[in-house]
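A.B. asks: Would you mind keeping the following structure in view while I ask a few things?
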Amino acid sequence: MPEYSQELEESPEIEEEEEIEESPDEMDEEEFEGYVARMLEDSIQYCDELSTDRVTASKYYSGHLPEQEDEGRSGATSYDTRDTINAILPSLMRVFFGANKIMQFTPKGPEDVPMAEQASDFVNHLILEKQPDFFKTMMSVFKDALIRRVGVLKFWHEETEKVTSSRFSGLDEQQAQILAGDDDVESVEMEESGQTTEGIPLFNVTLTRRVKEGNIKIEALPPEEFLISRTAKSIETADIVAHRSYKTISDLVSLGYDRDEIEEHAGTDESFSNNEEFYNRHADNATRHQGNMEPASRRVLYCEAFCRVDKNQDSYSELLRVCTIGNAHNVVNVMPCDQIPFVCLTPDPTPHSWDGASITDIVADIQRIKSAILRNVMDSLVMSVSPRMLVTEGQVNMKDVLNTEVGAIIRTKNPAAVSQLSMPFVGQVALPIFGMLDEIKAPRTGITKVSQGLDV
């Protein structure tokens, strides 16, 4: 033990090194811009892939599918997709707009009753009175969801400035000073208008006020303008969610961006060049008159993206609102935020995915089958009413035979040279299949004659 103690006493003291905390280096602008651009490009490619299916769904709704490829045959189309969606939409709108209040807060206790009533009145006032097109907006979202799988709603708080001028006459100097002392008064113009009986001078006063107002804005986004990462399970957990759109130079300058920087990217963007849905929606004016526009009205691609990036390199990804312009996605604004202002609605959600199935997906096959049967029935009817002709070549005037005018004369050299090829109508055999297909469609969609209040 003494030897061991002596060894301990003679052992050198271990000096503890002081830990020096180094502040992490923030991601440089070029690296950050490249990271955001890669996420945007991947989400744009994903959106363009989805657009192909959405265009097909839109054609089923409009009755342009299935196409008739056989020339001379009936092109009749069954409108099952349109009929089903138009049957669902009124009931869906009634759920949200059937009551006097669209939204109502529920108190947790008796002490919360006044606050819940006040919050309900305030929110319904913002939606119903401050959003005059809210009914149309929600109908657009529901219709997008029913036809194209997903309806996208965007909401944000928008601050605007309103300038008003007011004129007052017959004020004395003290009254004019009280009016001019308001915080929102920008300019005051006074001109003497006379005097009172006591000799006090009177003035006409013109006040210019600049009032700032903040309003909640709600918009139904076209599906091709909404971007999301392809691996997203929900909007809240997606790596990136963005809204891409074309804005004019004037719009961007009013948002506070530098005009010179914006003009560099005006008219050079091709973000929608591969999007079939955009050109299908704007078939008449997608590329027309682009170089002939007034300078301030030239369009610029503007992306408002919400992504999770560890920009300050502290090992935690923060939610950032990143605004970019141009096809190269040049970052013009970055700011932290606490929510993603998008809502997605889908009729049949798919587990572990941000989207789902639409009514078109579950009715399209029935529309194809019914269209094929309907076309064959119409062909059989036409052939029975206007049968084909048997003609002896060289014995008949072919121009007369091809003339389908009622009562027209056919000139022949031999009465037996022309005869009808009798084709009986057989379409009645296929008519019961329409009822069978309607019975198959009813449990798929939940739309029956009983649910619509119609006689069975």
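By convention here, the chains of the structure tokens are called A, B, ... in the order presented, each chain's residues are numbered starting at 1, and ligands are numbered starting at 1 in the order presented.
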Name all residues at most 7 Å from Tyr302 in chain A (count only C-alpha atoms; drop same-chain ones fewer than 3 positions away) and give them as a PDB file with N, CA and C atoms, in the first residue's frame.

C.D. replies:
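And here is the file that came out, result-v9.pdb:
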ATOM      1  N   ARG A 244     -45.965  27.290 -57.713  1.00  0.00           N
ATOM      2  CA  ARG A 244     -45.315  27.958 -58.836  1.00  0.00           C
ATOM      3  C   ARG A 244     -46.387  28.620 -59.705  1.00  0.00           C
ATOM      4  N   SER A 245     -46.098  29.806 -60.171  1.00  0.00           N
ATOM      5  CA  SER A 245     -47.049  30.527 -61.002  1.00  0.00           C
ATOM      6  C   SER A 245     -46.308  31.604 -61.772  1.00  0.00           C
ATOM      7  N   TYR A 246     -46.970  32.128 -62.769  1.00  0.00           N
ATOM      8  CA  TYR A 246     -46.432  33.255 -63.509  1.00  0.00           C
ATOM      9  C   TYR A 246     -46.976  34.541 -62.900  1.00  0.00           C
ATOM     10  N   LYS A 247     -46.077  35.459 -62.600  1.00  0.00           N
ATOM     11  CA  LYS A 247     -46.461  36.777 -62.113  1.00  0.00           C
ATOM     12  C   LYS A 247     -45.849  37.828 -63.023  1.00  0.00           C
ATOM     13  N   THR A 324     -38.312  32.041 -55.118  1.00  0.00           N
ATOM     14  CA  THR A 324     -37.361  32.021 -56.225  1.00  0.00           C
ATOM     15  C   THR A 324     -38.018  32.582 -57.474  1.00  0.00           C
ATOM     16  N   ILE A 325     -37.184  33.067 -58.395  1.00  0.00           N
ATOM     17  CA  ILE A 325     -37.679  33.558 -59.681  1.00  0.00           C
ATOM     18  C   ILE A 325     -36.867  32.916 -60.797  1.00  0.00           C
ATOM     19  N   GLY A 326     -37.477  32.796 -61.953  1.00  0.00           N
ATOM     20  CA  GLY A 326     -36.765  32.292 -63.114  1.00  0.00           C
ATOM     21  C   GLY A 326     -36.710  30.783 -63.169  1.00  0.00           C
TER      22      GLY A 326
END

A.B. asks: Within 9 Å of range 143-147 of chain A, counting only C-alpha atoms, which residues qualify if same-chain residues fewer than 4 places away don't, as a ChimeraX atom specification?

C.D. replies: /A:54,57-58,60-61,81-82,85-86,88-89,138-139,151-152,222-223,344-347,357-361

A.B. asks: Could you check which of A:Gln104, A:Ser74, A:Arg94, A:Arg210 is closest to Leu381 in chain A, using only C-alpha atoms?

C.D. replies: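 Of A:Gln104, A:Ser74, A:Arg94, A:Arg210, the one nearest Leu381 in chain A, counting only C-alpha atoms, is A:Ser74.
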
A.B. asks: Using only C-alpha atoms, which residues sit within 8 Å of Phe306 in chain A once same-chain residues fewer than 2 positions away are excluded, as a VMD selection string?

C.D. replies: chain A and resid 240 to 242 304 308 319 to 322 340

A.B. asks: Please, could you write that set of residues out with C-alpha atoms as a compact mmCIF listing (two decimals), in the first residue's frame?

C.D. replies:
# COMPACT_ATOMS: atom_id res chain seq x y z
CA ILE A 240 -40.72 20.66 -49.98
CA VAL A 241 -44.13 22.06 -50.83
CA ALA A 242 -44.36 24.92 -53.30
CA GLU A 304 -43.03 30.19 -53.23
CA ARG A 308 -37.04 22.04 -44.35
CA LEU A 319 -39.06 25.25 -41.93
CA LEU A 320 -38.20 28.09 -44.32
CA ARG A 321 -40.22 30.06 -46.83
CA VAL A 322 -38.02 30.40 -49.90
CA ILE A 340 -47.27 25.43 -44.56

A.B. asks: Work out how far apart CA of Glu189 in chain A and CA of Lys212 in chain A are and give it in Å to one decimal.

C.D. replies: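 Rounded to one decimal, the two atoms are 21.6 Å apart.
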
A.B. asks: Which neighbours of range 114-127 of chain A fall inside 10 Å, counting only C-alpha atoms, when residues of the same chain fewer than 5 positions from it are skipped, and could you give them as a list in words?

C.D. replies: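 My list of contacting residues is Asn100, Lys101, Ile102, Met103, Gln104, Phe105, Thr106, Pro107, Lys108, Pro132, Asp133, Phe134, Phe135, Asn215, Ile216, Lys217 and Ile218 of chain A.
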
A.B. asks: Set the distance at 12 Å and use only C-alpha atoms: which residues neighbour Glu213 in chain A once local chain neighbours fewer than 2 positions away are removed? I'd like the list as a list in words.

C.D. replies: Lys130, His157, Glu158, Glu159, Thr160, Glu161, Lys162, Val163, Asp184, Arg210, Val211, Asn215 and Ile216 of chain A

A.B. asks: Pick from A:Ser353, A:Thr56, A:Asn414, A:Asn312: nearest to Glu393 in chain A, with only C-alpha atoms counted?

C.D. replies: A:Asn414

A.B. asks: Have a look at A:Asp260, A:Ala328, A:Ser43, A:Phe203 and name the one nearest to Ala296 in chain A; count only C-alpha atoms.

C.D. replies: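 Under the stated criterion, the closest residue is A:Asp260.
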
A.B. asks: A:Ser91, A:Asn397, A:Asn274, A:Thr231: which is nearest Trp354 in chain A, counting only C-alpha atoms?

C.D. replies: A:Thr231

A.B. asks: Residues near Asp80 in chain A, anyone? I mean within 10 Å using only C-alpha atoms, not counting same-chain ones fewer than 4 positions away, as a list in words.

C.D. replies: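 So the residues in contact are Tyr60, Tyr61, Gly63, Thr84, Ile85, Asn86, Thr360, Val363, Ala364, Asp365, Ile366, Gln367, Arg368, Lys370, Ser371, Asp438 and Lys441 of chain A.
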
A.B. asks: Run DSSP on the backbone and tell me which residues of range 112-339 of chain A come out as strand (DSSP E or B); list them as a PyMOL selection string.

C.D. replies: chain A and resi 151-171+185-195+201-221+226-228+240-248+299-309+318-325+330-336

A.B. asks: Compile the contact shell of Met389 in chain A as an MDAnalysis selection string: residues with an atom at most 12 Å away, counting only C-alpha atoms, same-chain residues fewer than 3 positions apart removed.

C.D. replies: chainID A and resid 383:384 386 392:393 396 398 400:404 410 416:423

A.B. asks: Could you write out that same residue set with C-alpha atoms as a compact mmCIF listing (two decimals), in the first residue's frame?

C.D. replies:
# COMPACT_ATOMS: atom_id res chain seq x y z
CA MET A 383 -77.77 -0.13 -90.18
CA SER A 384 -81.35 -1.37 -89.66
CA SER A 386 -80.45 2.74 -93.41
CA THR A 392 -74.64 -4.88 -109.73
CA GLU A 393 -71.59 -3.14 -111.08
CA VAL A 396 -76.59 1.26 -111.81
CA MET A 398 -73.57 5.03 -108.62
CA ASP A 400 -77.87 7.97 -107.52
CA VAL A 401 -77.09 5.08 -105.18
CA LEU A 402 -74.82 7.23 -103.00
CA ASN A 403 -77.49 9.96 -102.77
CA THR A 404 -79.23 9.46 -99.39
CA ILE A 410 -82.02 5.48 -108.62
CA ALA A 416 -82.76 -6.37 -110.01
CA ALA A 417 -79.45 -4.52 -110.07
CA VAL A 418 -80.22 -2.80 -106.73
CA SER A 419 -81.34 -4.47 -103.51
CA GLN A 420 -81.09 -3.86 -99.76
CA LEU A 421 -78.88 -5.89 -97.47
CA SER A 422 -81.33 -6.49 -94.65
CA MET A 423 -79.81 -5.85 -91.19
